[in-house]
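As stored in protein.cif (mmCIF, C-alpha atoms):
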```
data_start
#
loop_
_atom_site.label_atom_id
_atom_site.label_comp_id
_atom_site.auth_asym_id
_atom_site.auth_seq_id
_atom_site.Cartn_x
_atom_site.Cartn_y
_atom_site.Cartn_z
CA MET A 25 -258.38 118.93 25.28
CA SER A 26 -261.78 117.94 26.72
CA ARG A 27 -261.90 115.73 29.78
CA ARG A 28 -263.68 113.08 27.73
CA LEU A 29 -261.04 113.14 25.01
CA ALA A 30 -258.24 113.07 27.56
CA LEU A 31 -259.77 109.91 29.00
CA ALA A 32 -259.93 108.41 25.53
CA VAL A 33 -256.30 109.20 24.78
CA LEU A 34 -255.16 107.92 28.15
CA THR A 35 -256.97 104.60 28.21
CA ALA A 36 -257.93 103.63 24.68
CA GLY A 37 -256.96 100.36 23.10
CA ALA A 38 -256.38 101.77 19.68
CA LEU A 39 -254.58 101.30 16.94
CA ALA A 40 -254.42 94.95 16.11
CA LEU A 41 -244.43 77.84 3.89
CA THR A 42 -245.88 74.93 5.07
CA THR A 43 -247.03 75.06 8.64
CA SER A 44 -246.91 72.35 11.25
CA PRO A 45 -250.01 72.33 13.46
CA ALA A 46 -249.73 72.07 17.20
CA GLN A 47 -250.34 68.32 17.23
CA ALA A 48 -247.09 67.83 15.29
CA ALA A 49 -245.04 69.65 17.92
CA PRO A 50 -242.38 67.76 19.83
CA ALA A 51 -242.90 67.01 23.49
CA VAL A 52 -242.53 70.09 25.65
CA ALA A 53 -239.55 69.45 27.88
CA ASP A 54 -238.99 72.89 29.38
CA LEU A 55 -241.96 73.75 31.56
CA THR A 56 -241.08 76.37 34.13
CA PRO A 57 -242.46 75.33 37.54
CA ALA A 58 -244.94 77.52 39.36
CA THR A 59 -242.95 80.11 41.26
CA VAL A 60 -243.57 83.66 42.38
CA VAL A 61 -244.54 85.58 39.26
CA PRO A 62 -242.81 88.98 39.04
CA ALA A 63 -245.00 92.07 39.02
CA PRO A 64 -245.50 93.58 35.55
CA THR A 65 -243.48 96.63 36.52
CA ALA A 66 -240.33 94.48 36.50
CA GLN A 67 -238.46 95.30 33.31
CA VAL A 68 -236.59 91.98 33.22
CA ASP A 69 -238.18 88.59 33.92
CA PRO A 70 -236.08 85.60 32.80
CA PHE A 71 -239.23 83.75 31.77
CA TYR A 72 -239.45 86.15 28.82
CA ASP A 73 -235.93 85.44 27.59
CA PRO A 74 -236.71 84.16 24.09
CA PRO A 75 -235.80 80.52 23.39
CA ALA A 76 -235.07 79.37 19.86
CA PRO A 77 -238.27 79.31 17.73
CA THR A 78 -238.26 75.54 17.24
CA GLY A 79 -241.07 73.49 15.76
CA GLY A 80 -243.80 74.74 13.48
CA PRO A 81 -246.11 77.67 14.19
CA GLY A 82 -248.15 76.98 17.31
CA THR A 83 -245.47 74.90 19.03
CA VAL A 84 -245.48 75.48 22.81
CA LEU A 85 -241.94 76.27 24.00
CA ARG A 86 -242.36 77.30 27.64
CA THR A 87 -245.23 77.63 30.12
CA ARG A 88 -245.78 78.97 33.61
CA PRO A 89 -248.93 78.99 35.77
CA ALA A 90 -250.31 82.51 36.13
CA ALA A 91 -252.20 83.76 39.18
CA VAL A 92 -254.77 86.07 37.58
CA PRO A 93 -257.09 87.98 39.93
CA LEU A 94 -260.45 87.60 38.17
CA ALA A 95 -263.55 87.14 40.31
CA GLY A 96 -267.15 86.47 39.40
CA VAL A 97 -266.56 83.78 36.77
CA LEU A 98 -266.51 80.01 36.81
CA PRO A 99 -263.30 78.42 38.15
CA PHE A 100 -260.41 78.56 35.70
CA THR A 101 -256.68 78.11 35.41
CA ALA A 102 -254.37 80.53 33.62
CA THR A 103 -251.09 79.72 31.93
CA THR A 104 -248.48 82.05 30.46
CA VAL A 105 -247.14 80.59 27.23
CA LEU A 106 -244.19 81.16 24.90
CA TYR A 107 -244.84 79.69 21.47
CA THR A 108 -243.44 79.64 17.95
CA SER A 109 -245.00 82.01 15.43
CA THR A 110 -244.05 83.84 12.24
CA SER A 111 -242.95 87.45 11.77
CA ALA A 112 -244.48 89.86 9.28
CA THR A 113 -241.66 89.02 6.87
CA GLY A 114 -242.03 85.25 7.23
CA GLU A 115 -239.29 84.45 9.73
CA PRO A 116 -239.83 82.10 12.71
CA GLU A 117 -240.12 83.99 15.98
CA VAL A 118 -241.27 83.46 19.57
CA VAL A 119 -244.37 85.16 20.94
CA SER A 120 -245.90 85.21 24.42
CA GLY A 121 -249.51 84.96 25.54
CA THR A 122 -251.94 83.60 28.11
CA VAL A 123 -254.37 80.68 27.94
CA PHE A 124 -257.36 80.59 30.32
CA THR A 125 -258.94 77.16 30.76
CA PRO A 126 -262.36 76.69 32.45
CA VAL A 127 -262.27 73.96 35.07
CA LEU A 128 -266.00 73.25 34.72
CA GLY A 129 -268.50 73.38 31.89
CA SER A 130 -269.03 71.52 28.65
CA ASN A 131 -267.93 74.24 26.22
CA ALA A 132 -264.24 74.39 27.15
CA GLY A 133 -263.32 72.71 23.88
CA THR A 134 -264.20 75.89 22.01
CA VAL A 135 -261.27 78.34 21.82
CA LEU A 136 -261.91 82.07 21.88
CA ALA A 137 -258.74 83.76 20.60
CA ILE A 138 -258.73 87.38 21.78
CA ALA A 139 -256.54 89.91 20.00
CA PRO A 140 -255.90 92.60 22.63
CA GLY A 141 -256.11 96.34 22.13
CA THR A 142 -253.25 98.82 22.45
CA GLN A 143 -251.00 98.22 25.44
CA GLY A 144 -247.99 100.45 24.79
CA LEU A 145 -244.52 99.40 23.68
CA GLY A 146 -242.79 98.79 27.03
CA PRO A 147 -242.12 95.13 27.86
CA GLN A 148 -244.03 95.54 31.14
CA CYS A 149 -247.16 96.36 29.11
CA ALA A 150 -247.59 92.81 27.75
CA PRO A 151 -251.09 91.54 28.56
CA SER A 152 -249.64 88.38 30.09
CA ARG A 153 -247.81 90.51 32.67
CA GLN A 154 -250.74 92.81 33.27
CA PHE A 155 -253.15 89.91 33.75
CA VAL A 156 -251.10 88.82 36.75
CA ALA A 157 -251.10 92.35 38.15
CA GLY A 158 -254.84 92.77 37.61
CA THR A 159 -254.24 95.90 35.50
CA GLU A 160 -255.15 94.50 32.06
CA TYR A 161 -258.34 96.06 30.64
CA GLU A 162 -258.95 92.98 28.47
CA LEU A 163 -259.88 91.11 31.66
CA ALA A 164 -263.49 92.07 30.89
CA SER A 165 -263.26 90.35 27.52
CA VAL A 166 -261.67 87.29 29.12
CA ALA A 167 -264.41 87.14 31.75
CA ALA A 168 -267.08 87.27 29.03
CA GLY A 169 -265.44 84.37 27.20
CA LEU A 170 -265.07 82.31 30.37
CA ALA A 171 -268.75 82.99 31.16
CA GLN A 172 -269.57 81.21 27.90
CA GLY A 173 -267.49 78.28 29.14
CA TRP A 174 -264.85 78.70 26.43
CA THR A 175 -261.08 78.33 26.61
CA VAL A 176 -259.72 81.86 26.11
CA ALA A 177 -256.34 82.49 24.45
CA VAL A 178 -254.91 86.03 24.54
CA THR A 179 -251.71 86.75 22.63
CA ASP A 180 -249.27 89.48 23.67
CA TYR A 181 -248.33 89.91 19.98
CA ASP A 182 -244.68 89.86 18.98
CA GLY A 183 -241.94 92.01 20.46
CA TYR A 184 -242.75 91.77 24.18
CA LEU A 185 -240.01 89.28 25.01
CA ASN A 186 -236.80 90.57 26.56
CA GLY A 187 -234.86 92.53 23.97
CA GLY A 188 -237.82 92.75 21.60
CA SER A 189 -239.65 95.65 19.98
CA PRO A 190 -243.43 95.36 19.40
CA THR A 191 -244.62 95.69 15.83
CA TYR A 192 -247.96 97.12 17.00
CA THR A 193 -250.60 97.32 14.23
CA THR A 194 -248.55 95.41 11.66
CA GLY A 195 -251.21 93.17 10.13
CA PRO A 196 -249.43 89.91 9.21
CA ALA A 197 -247.59 89.77 12.54
CA MET A 198 -250.82 90.26 14.50
CA ALA A 199 -252.61 87.61 12.47
CA HIS A 200 -249.89 85.02 12.95
CA ALA A 201 -249.62 85.67 16.70
CA VAL A 202 -253.40 85.27 17.19
CA LEU A 203 -253.74 82.13 15.07
CA ASP A 204 -250.66 80.42 16.48
CA LEU A 205 -251.82 80.82 20.08
CA ALA A 206 -255.14 79.26 19.04
CA ARG A 207 -253.08 76.36 17.73
CA ALA A 208 -250.96 76.23 20.89
CA ALA A 209 -253.92 76.23 23.31
CA SER A 210 -254.43 72.47 23.09
CA ALA A 211 -250.82 71.82 24.15
CA VAL A 212 -250.74 73.81 27.41
CA PRO A 213 -250.83 71.81 30.65
CA GLY A 214 -254.42 71.00 31.63
CA ALA A 215 -255.84 71.91 28.22
CA ARG A 216 -259.47 71.01 27.56
CA SER A 217 -259.38 72.05 23.93
CA THR A 218 -257.99 69.82 21.19
CA ASP A 219 -256.49 70.33 17.75
CA ASP A 220 -259.99 69.79 16.33
CA SER A 221 -261.69 72.38 18.55
CA PRO A 222 -263.81 75.16 17.05
CA VAL A 223 -262.04 78.53 17.09
CA LEU A 224 -263.62 81.97 17.45
CA LEU A 225 -261.82 85.31 17.06
CA GLN A 226 -262.48 88.58 18.89
CA GLY A 227 -260.83 91.96 19.29
CA TYR A 228 -261.41 95.69 19.61
CA SER A 229 -259.29 98.60 18.34
CA GLN A 230 -255.80 97.24 17.67
CA GLY A 231 -257.38 93.94 18.62
CA GLY A 232 -260.13 94.46 16.06
CA GLY A 233 -257.40 94.73 13.48
CA GLY A 234 -255.59 91.69 14.86
CA ALA A 235 -258.70 89.50 14.83
CA ALA A 236 -259.78 90.75 11.40
CA TRP A 237 -256.33 90.09 9.97
CA ALA A 238 -256.41 86.62 11.54
CA ALA A 239 -259.76 85.88 9.91
CA SER A 240 -258.44 87.03 6.55
CA SER A 241 -255.18 85.09 6.86
CA ALA A 242 -256.49 81.83 8.33
CA PRO A 243 -257.37 79.96 5.11
CA GLU A 244 -253.80 80.30 3.83
CA TYR A 245 -251.77 80.52 7.04
CA ALA A 246 -253.69 78.21 9.37
CA PRO A 247 -256.00 75.94 7.35
CA ASP A 248 -255.73 73.34 10.13
CA LEU A 249 -257.75 75.53 12.51
CA HIS A 250 -261.51 75.02 12.60
CA LEU A 251 -262.42 78.69 12.44
CA ARG A 252 -266.11 79.45 12.96
CA GLY A 253 -266.26 83.25 12.93
CA ALA A 254 -265.04 86.55 14.34
CA ALA A 255 -266.28 89.65 16.12
CA VAL A 256 -264.20 92.79 15.61
CA GLY A 257 -264.62 96.40 16.70
CA GLY A 258 -262.89 99.71 16.03
CA VAL A 259 -260.89 98.09 13.24
CA PRO A 260 -257.77 99.97 12.02
CA ALA A 261 -257.99 98.64 8.46
CA ASP A 262 -256.18 101.31 6.43
CA LEU A 263 -252.98 102.43 8.16
CA GLY A 264 -252.35 105.22 5.68
CA ALA A 265 -255.78 106.75 6.26
CA LEU A 266 -255.36 106.37 10.01
CA ALA A 267 -251.95 108.04 10.00
CA ARG A 268 -253.40 111.02 8.19
CA SER A 269 -256.34 111.30 10.57
CA LEU A 270 -254.12 111.12 13.67
CA ASP A 271 -251.15 113.27 12.64
CA GLY A 272 -251.24 116.62 14.42
CA GLY A 273 -254.35 115.73 16.38
CA PRO A 274 -255.10 115.01 20.05
CA ALA A 275 -254.51 111.28 19.61
CA ALA A 276 -251.26 111.63 17.63
CA TYR A 277 -249.67 109.20 20.10
CA PHE A 278 -251.29 106.22 18.41
CA GLY A 279 -250.03 107.22 14.99
CA LEU A 280 -246.50 107.56 16.36
CA LEU A 281 -246.75 104.08 17.89
CA GLY A 282 -247.83 102.83 14.49
CA VAL A 283 -244.72 104.28 12.83
CA ILE A 284 -242.48 102.73 15.48
CA GLY A 285 -244.23 99.40 15.08
CA LEU A 286 -243.85 99.34 11.32
CA ASP A 287 -240.16 100.15 11.70
CA ALA A 288 -239.79 97.17 14.07
CA ALA A 289 -241.45 94.92 11.49
CA TYR A 290 -239.78 96.34 8.35
CA PRO A 291 -236.56 98.09 9.45
CA ASP A 292 -234.99 97.96 6.00
CA ALA A 293 -237.97 99.77 4.48
CA VAL A 294 -238.95 102.31 7.15
CA ARG A 295 -235.41 103.14 8.35
CA LEU A 296 -236.85 105.24 11.16
CA ASP A 297 -233.68 106.04 13.11
CA GLY A 298 -232.01 107.60 10.10
CA ARG A 299 -235.01 109.87 9.47
CA LEU A 300 -235.34 111.21 13.04
CA SER A 301 -233.96 114.30 14.70
CA ASP A 302 -232.39 114.06 18.15
CA ARG A 303 -235.78 115.04 19.57
CA GLY A 304 -237.42 112.27 17.58
CA ARG A 305 -234.95 109.64 18.77
CA ALA A 306 -235.47 110.70 22.38
CA LEU A 307 -239.25 110.41 21.96
CA VAL A 308 -239.02 106.96 20.39
CA ALA A 309 -236.75 105.78 23.19
CA GLN A 310 -239.28 107.09 25.72
CA LEU A 311 -242.32 105.52 24.06
CA ARG A 312 -240.56 102.15 23.92
CA THR A 313 -240.52 102.13 27.73
CA GLU A 314 -244.11 103.23 28.42
CA CYS A 315 -247.59 101.73 28.52
CA VAL A 316 -250.62 103.48 27.07
CA GLY A 317 -251.54 106.24 29.50
CA GLY A 318 -247.89 107.01 30.19
CA ALA A 319 -246.44 110.51 29.88
CA GLY A 320 -245.99 110.24 26.12
CA THR A 321 -249.71 109.66 25.58
CA LEU A 322 -250.46 113.28 26.42
CA THR A 323 -247.17 115.04 25.66
CA THR A 324 -247.42 113.98 22.00
CA ALA A 325 -250.96 115.35 21.64
CA PHE A 326 -251.30 117.72 18.66
CA SER A 327 -247.76 116.90 17.51
CA SER A 328 -246.92 115.84 13.99
CA VAL A 329 -244.42 113.46 12.43
CA GLN A 330 -242.78 116.58 10.98
CA ASP A 331 -241.89 117.68 14.51
CA TYR A 332 -239.57 114.69 14.88
CA THR A 333 -237.88 114.28 11.49
CA ALA A 334 -234.34 115.51 10.93
CA ASP A 335 -235.08 117.25 7.63
CA GLY A 336 -238.63 118.37 8.43
CA SER A 337 -240.22 115.70 6.27
CA THR A 338 -243.98 115.66 6.60
CA LEU A 339 -246.17 112.60 6.97
CA GLU A 340 -247.29 112.92 3.35
CA GLN A 341 -243.68 113.00 2.18
CA LEU A 342 -242.88 109.87 4.19
CA LEU A 343 -245.94 108.07 2.88
CA ALA A 344 -244.82 108.91 -0.66
CA ASP A 345 -241.47 107.16 -0.15
CA PRO A 346 -241.69 104.00 -2.32
CA ASP A 347 -240.43 101.67 0.41
CA ILE A 348 -242.85 103.02 3.02
CA ALA A 349 -245.69 103.09 0.50
CA ALA A 350 -245.08 99.39 -0.16
CA VAL A 351 -245.25 98.63 3.56
CA ILE A 352 -248.51 100.57 3.93
CA ALA A 353 -249.96 98.73 0.94
CA GLU A 354 -248.94 95.38 2.40
CA ASN A 355 -250.80 96.28 5.59
CA ASP A 356 -254.04 97.38 3.93
CA LEU A 357 -256.61 94.94 5.31
CA GLY A 358 -259.16 95.80 2.65
CA ALA A 359 -256.75 94.63 -0.05
CA ARG A 360 -256.24 91.23 1.59
CA PRO A 361 -258.39 88.14 0.88
CA ALA A 362 -261.85 88.52 2.34
CA PRO A 363 -262.67 86.28 5.33
CA THR A 364 -264.50 83.06 4.61
CA VAL A 365 -266.31 82.96 7.98
CA PRO A 366 -269.06 85.24 9.37
CA ILE A 367 -267.76 88.54 10.76
CA HIS A 368 -269.48 90.96 13.11
CA GLN A 369 -268.01 94.46 12.94
CA SER A 370 -268.76 97.29 15.36
CA HIS A 371 -267.53 100.87 15.47
CA ALA A 372 -268.12 103.88 17.69
CA GLY A 373 -270.05 106.51 15.78
CA ALA A 374 -268.02 109.30 17.42
CA ASP A 375 -264.66 107.49 17.33
CA GLU A 376 -261.91 110.09 17.67
CA VAL A 377 -259.03 107.59 17.50
CA VAL A 378 -259.79 105.01 14.79
CA ALA A 379 -261.42 106.82 11.86
CA LEU A 380 -264.92 105.58 11.10
CA GLY A 381 -264.74 106.09 7.34
CA GLN A 382 -262.02 103.53 6.72
CA ALA A 383 -263.93 100.96 8.80
CA GLN A 384 -267.08 101.57 6.77
CA GLN A 385 -265.05 101.08 3.60
CA LEU A 386 -263.81 97.74 4.94
CA HIS A 387 -267.41 96.66 5.59
CA GLN A 388 -268.42 97.61 2.06
CA THR A 389 -265.44 95.72 0.64
CA TRP A 390 -266.34 92.58 2.57
CA CYS A 391 -269.99 92.85 1.60
CA ALA A 392 -269.02 93.11 -2.06
CA ALA A 393 -266.88 89.99 -1.64
CA GLY A 394 -269.86 88.01 -0.32
CA VAL A 395 -268.82 87.82 3.34
CA THR A 396 -271.60 87.15 5.84
CA THR A 397 -271.03 90.29 7.86
CA ARG A 398 -272.71 93.19 9.59
CA LEU A 399 -271.57 96.58 10.82
CA ASP A 400 -273.20 98.09 13.91
CA LEU A 401 -272.52 101.73 14.72
CA LEU A 402 -272.50 102.46 18.44
CA PRO A 403 -273.51 105.63 20.34
CA ALA A 404 -270.00 105.95 21.74
CA GLU A 405 -266.53 107.36 21.35
CA HIS A 406 -263.52 105.06 21.13
CA VAL A 407 -263.09 103.98 24.74
CA THR A 408 -266.76 103.34 25.52
CA GLY A 409 -267.08 101.47 22.24
CA LEU A 410 -265.38 98.45 23.84
CA PRO A 411 -267.90 97.76 26.65
CA GLN A 412 -270.75 98.47 24.22
CA SER A 413 -269.29 95.96 21.76
CA LEU A 414 -268.85 93.06 24.19
CA PRO A 415 -272.55 92.03 24.41
CA LEU A 416 -272.81 92.17 20.61
CA PHE A 417 -269.66 90.08 20.27
CA GLY A 418 -270.96 87.52 22.76
CA ALA A 419 -274.30 87.17 20.99
CA TRP A 420 -272.70 86.79 17.53
CA LEU A 421 -270.00 84.34 18.58
CA GLY A 422 -272.36 82.46 20.88
CA ALA A 423 -274.76 81.90 17.99
CA LEU A 424 -271.97 80.69 15.73
CA SER A 425 -270.65 78.33 18.41
CA ARG A 426 -274.10 76.73 18.69
CA GLY A 427 -274.66 76.51 14.95
CA LEU A 428 -277.38 79.17 14.96
CA PRO A 429 -277.93 81.64 12.11
CA VAL A 430 -276.63 85.22 12.28
CA VAL A 431 -278.07 88.27 10.54
CA PRO A 432 -275.79 90.20 8.16
CA SER A 433 -276.32 93.85 7.22
CA CYS A 434 -275.05 93.90 3.65
#
```

Please express what this file holds, its structure, as structure tokens.
Amino acid sequence: MSRRLALAVLTAGALALTTSPAQAAPAVADLTPATVVPAPTAQVDPFYDPPAPTGGPGTVLRTRPAAVPLAGVLPFTATTVLYTSTSATGEPEVVSGTVFTPVLGSNAGTVLAIAPGTQGLGPQCAPSRQFVAGTEYELASVAAGLAQGWTVAVTDYDGYLNGGSPTYTTGPAMAHAVLDLARAASAVPGARSTDDSPVLLQGYSQGGGGAAWAASSAPEYAPDLHLRGAAVGGVPADLGALARSLDGGPAAYFGLLGVIGLDAAYPDAVRLDGRLSDRGRALVAQLRTECVGGAGTLTTAFSSVQDYTADGSTLEQLLADPDIAAVIAENDLGARPAPTVPIHQSHAGADEVVALGQAQQLHQTWCAAGVTTRLDLLPAEHVTGLPQSLPLFGAWLGALSRGLPVVPSC
């Protein structure tokens, strides 16, 4: 494996009813006081014990001030939040996240909801924990949003509470987690946003999928939000195509995380444990304890799903299973309703993790549906695609926040 590709595999953020809006939530009675925040390496932090998912989606259930080491931006406060959301299968659940509120500036009413990239499946990998430790790579995205003067809301996605299992790139779960934290932002202590604030979406890699799914789902799931637009990069739109491109390759790790995540979201359909060999079960147990860049990131390189199944089933055979095929179809972003707000899409031209072709197909699908959108190809591989995307994201979202026109590429 080349040094460049090893870096990519180690650090990439890859493979992202009637609702009651936040203003209808009951008064928040259980606010944890500011105490010493455990380091993110701690496996158990009682703050992340999940309360009952009361209230409608976006209801704030628990908060705690977060000491986030982020220099070079305007003064801000940070708050770790537990809030009510909705699982991929429509059940109420509790999700964690972080809300950053600028102390100064006139744009703090605008909410930038960031869908983070791949973190790994261990509970210690949650962005809210890594923000406190100063190890979260999405700090650069947060800093860019704070520099615009916006309130920034970063979900952890579901499954990072004690006893949970992240659903990773499962589309509906990502969308709900992102949108519900945007709803919850106005209810955190010291909030400067309101329930009528403009909302912008942003994400890269898994986060590009999360933000894109949120944009697609918002009209039906969160019509109360005043969504203005989204900027998404490295979007994993077609999970079946991605699984095929990753299986047996140097970045097989991300495909394996995807399988584990889908099993967490749809256990009755995927039935992963019953399909695995002893080696496969040991690997899954290991990956559920690690962050991206852990030992499993490299030890799974060039491995295949077939290496871990009890009967030698190949990826193609698993994808042909009717129950799994239905799950993959449900998570095909291109088959979902097209967004109704302007979308900027970027992708690394030499992306070795998230296949370019399926992202180009998504762009074509959105163009055909009449979306105001553009796709910019970057002179980058997957990891360096994120810093190259951030200025483009800022320009696109900044224009939308000021009511300025944007230029599509359809």

Subject >> Result set, the PyMOL selection byres ((chain A and resi 349) around 12) on current file, as a PyMOL selection string >> reply: chain A and resi 263-264+286+290+293-294+339-348+350-356

**OP:** Translate the PyMOL selection byres ((chain A and resi 122) around 6), as applied to the file shown, into an explicit residue set as JSON, numbers by chain.
**Re:** {"A": [103, 104, 105, 121, 123, 152, 177, 178]}

Close residues, stretch 373-383 of chain A itself excluded, 10 Å, all atoms listed in the file, min 3 positions apart in chain, as an mmCIF file with C-alpha atoms, in the coordinates of the input:
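Full text of around_17.cif as output:
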```
data_model
loop_
_atom_site.group_PDB
_atom_site.id
_atom_site.type_symbol
_atom_site.label_atom_id
_atom_site.label_comp_id
_atom_site.auth_asym_id
_atom_site.auth_seq_id
_atom_site.Cartn_x
_atom_site.Cartn_y
_atom_site.Cartn_z
ATOM 1 C CA LEU A 29 -261.040 113.140 25.010
ATOM 2 C CA ALA A 32 -259.930 108.410 25.530
ATOM 3 C CA VAL A 33 -256.300 109.200 24.780
ATOM 4 C CA ALA A 36 -257.930 103.630 24.680
ATOM 5 C CA GLY A 37 -256.960 100.360 23.100
ATOM 6 C CA ALA A 38 -256.380 101.770 19.680
ATOM 7 C CA LEU A 39 -254.580 101.300 16.940
ATOM 8 C CA SER A 229 -259.290 98.600 18.340
ATOM 9 C CA GLN A 230 -255.800 97.240 17.670
ATOM 10 C CA GLY A 257 -264.620 96.400 16.700
ATOM 11 C CA GLY A 258 -262.890 99.710 16.030
ATOM 12 C CA VAL A 259 -260.890 98.090 13.240
ATOM 13 C CA PRO A 260 -257.770 99.970 12.020
ATOM 14 C CA ALA A 261 -257.990 98.640 8.460
ATOM 15 C CA ASP A 262 -256.180 101.310 6.430
ATOM 16 C CA LEU A 263 -252.980 102.430 8.160
ATOM 17 C CA GLY A 264 -252.350 105.220 5.680
ATOM 18 C CA ALA A 265 -255.780 106.750 6.260
ATOM 19 C CA LEU A 266 -255.360 106.370 10.010
ATOM 20 C CA ALA A 267 -251.950 108.040 10.000
ATOM 21 C CA ARG A 268 -253.400 111.020 8.190
ATOM 22 C CA SER A 269 -256.340 111.300 10.570
ATOM 23 C CA LEU A 270 -254.120 111.120 13.670
ATOM 24 C CA GLY A 273 -254.350 115.730 16.380
ATOM 25 C CA PRO A 274 -255.100 115.010 20.050
ATOM 26 C CA ALA A 275 -254.510 111.280 19.610
ATOM 27 C CA ALA A 276 -251.260 111.630 17.630
ATOM 28 C CA TYR A 277 -249.670 109.200 20.100
ATOM 29 C CA PHE A 278 -251.290 106.220 18.410
ATOM 30 C CA GLY A 279 -250.030 107.220 14.990
ATOM 31 C CA GLY A 358 -259.160 95.800 2.650
ATOM 32 C CA GLN A 369 -268.010 94.460 12.940
ATOM 33 C CA SER A 370 -268.760 97.290 15.360
ATOM 34 C CA LEU A 386 -263.810 97.740 4.940
ATOM 35 C CA HIS A 387 -267.410 96.660 5.590
ATOM 36 C CA GLN A 388 -268.420 97.610 2.060
ATOM 37 C CA THR A 389 -265.440 95.720 0.640
ATOM 38 C CA LEU A 399 -271.570 96.580 10.820
ATOM 39 C CA ASP A 400 -273.200 98.090 13.910
ATOM 40 C CA LEU A 401 -272.520 101.730 14.720
ATOM 41 C CA LEU A 402 -272.500 102.460 18.440
ATOM 42 C CA PRO A 403 -273.510 105.630 20.340
ATOM 43 C CA ALA A 404 -270.000 105.950 21.740
ATOM 44 C CA GLU A 405 -266.530 107.360 21.350
ATOM 45 C CA HIS A 406 -263.520 105.060 21.130
ATOM 46 C CA VAL A 407 -263.090 103.980 24.740
ATOM 47 C CA THR A 408 -266.760 103.340 25.520
ATOM 48 C CA GLY A 409 -267.080 101.470 22.240
#
```

Original post:
Any idea what the distance is between atom CA of A:Gly318 and atom CA of A:Gly144?
Top reply: 8.5 Å

**OP:** Give me the result of the PyMOL selection byres ((chain A and resi 226) around 10) on this file, residue by residue, as a VMD selection string.
**Re:** chain A and resid 136 to 140 165 169 178 202 224 to 225 227 to 228 231 to 236 238 to 239 253 to 257 367 to 368 414 417 to 418 421

**OP:** In the coordinates of the file, take the point (-253.9, 95.9, 35.3) and a cut-off of 12 Å; then, counting all atoms listed in the file, name each qualifying protein, DNA or RNA residue as number ranges by chain.
**Re:** A: 35, 63-65, 92-94, 143, 148-164, 315-316

Original post:
Quick one, how far is atom CA of A:Ala209 from atom CA of A:Ser111?
Top reply: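 Value for the atom CA of A:Ala209-atom CA of A:Ser111 distance: 19.5 Å.
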
**OP:** Between A:Ser109, A:Thr218, A:Asn131, A:Gln310, single out the one closest to A:Thr324, counting all atoms listed in the file.
**Re:** A:Gln310

Subject >> Long-range neighbours of A:Asp220 as a ChimeraX atom specification, 9 Å cut-off, all atoms listed in the file, 5 positions minimum in chain >> reply: /A:133,248-250

Counting all atoms listed in the file, give me one row per residue of stretch 306-381 of chain A with an atom at most 12 Å from an atom of stretch 67-89 of chain A, showing the shortest contact pair and its distance in Å to one decimal, sorted by chain then residue number, as a Markdown table.
```
| residue | atom | partner | partner_atom | distance |
| --- | --- | --- | --- | --- |
| A:Arg312 | CA | A:Gln67 | CA | 11.8 |
| A:Thr313 | CA | A:Gln67 | CA | 9.1 |
| A:Glu314 | CA | A:Gln67 | CA | 10.9 |
```

Original post:
When distances are computed from only C-alpha atoms, which of A:Thr134, A:Ser337, A:Thr193, A:Gln330 shows the smallest separation from A:Leu170?
Top reply: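 The closest residue to A:Leu170 is A:Thr134.
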
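Nearest to A:Pro291 of all the residues A:Thr333, A:Ser130, A:Thr191, A:Gln172 is A:Thr191, counting all atoms listed in the file.
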
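Candidate residues A:Thr364, A:Ser210, A:Asn186, A:Thr108 were compared for distance to A:Leu251, and the nearest is A:Thr364, using only C-alpha atoms.
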
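Among A:Ala168, A:Leu357, A:Ala393, A:Leu416, the residue with the shortest atom-to-atom distance to A:Val97, counting all atoms listed in the file, is A:Ala168.
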
**OP:** For atom CA of A:Cys434 and atom CA of A:His200, quote the distance in Å rounded to one decimal.
**Re:**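 Answer for the atom CA of A:Cys434 to atom CA of A:His200 separation: 28.3 Å.
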
**OP:** Find the residues around A:Leu300 up to 10 Å (all atoms listed in the file counted), leave out those fewer than 5 positions away in its own chain, and share them as a PyMOL selection string.
**Re:** chain A and resi 295+305-308+329-337

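The closest residue to A:Ala423, picked from A:Ala167, A:Pro366, A:Val176, A:Ala201 and counting all atoms listed in the file, is A:Pro366.
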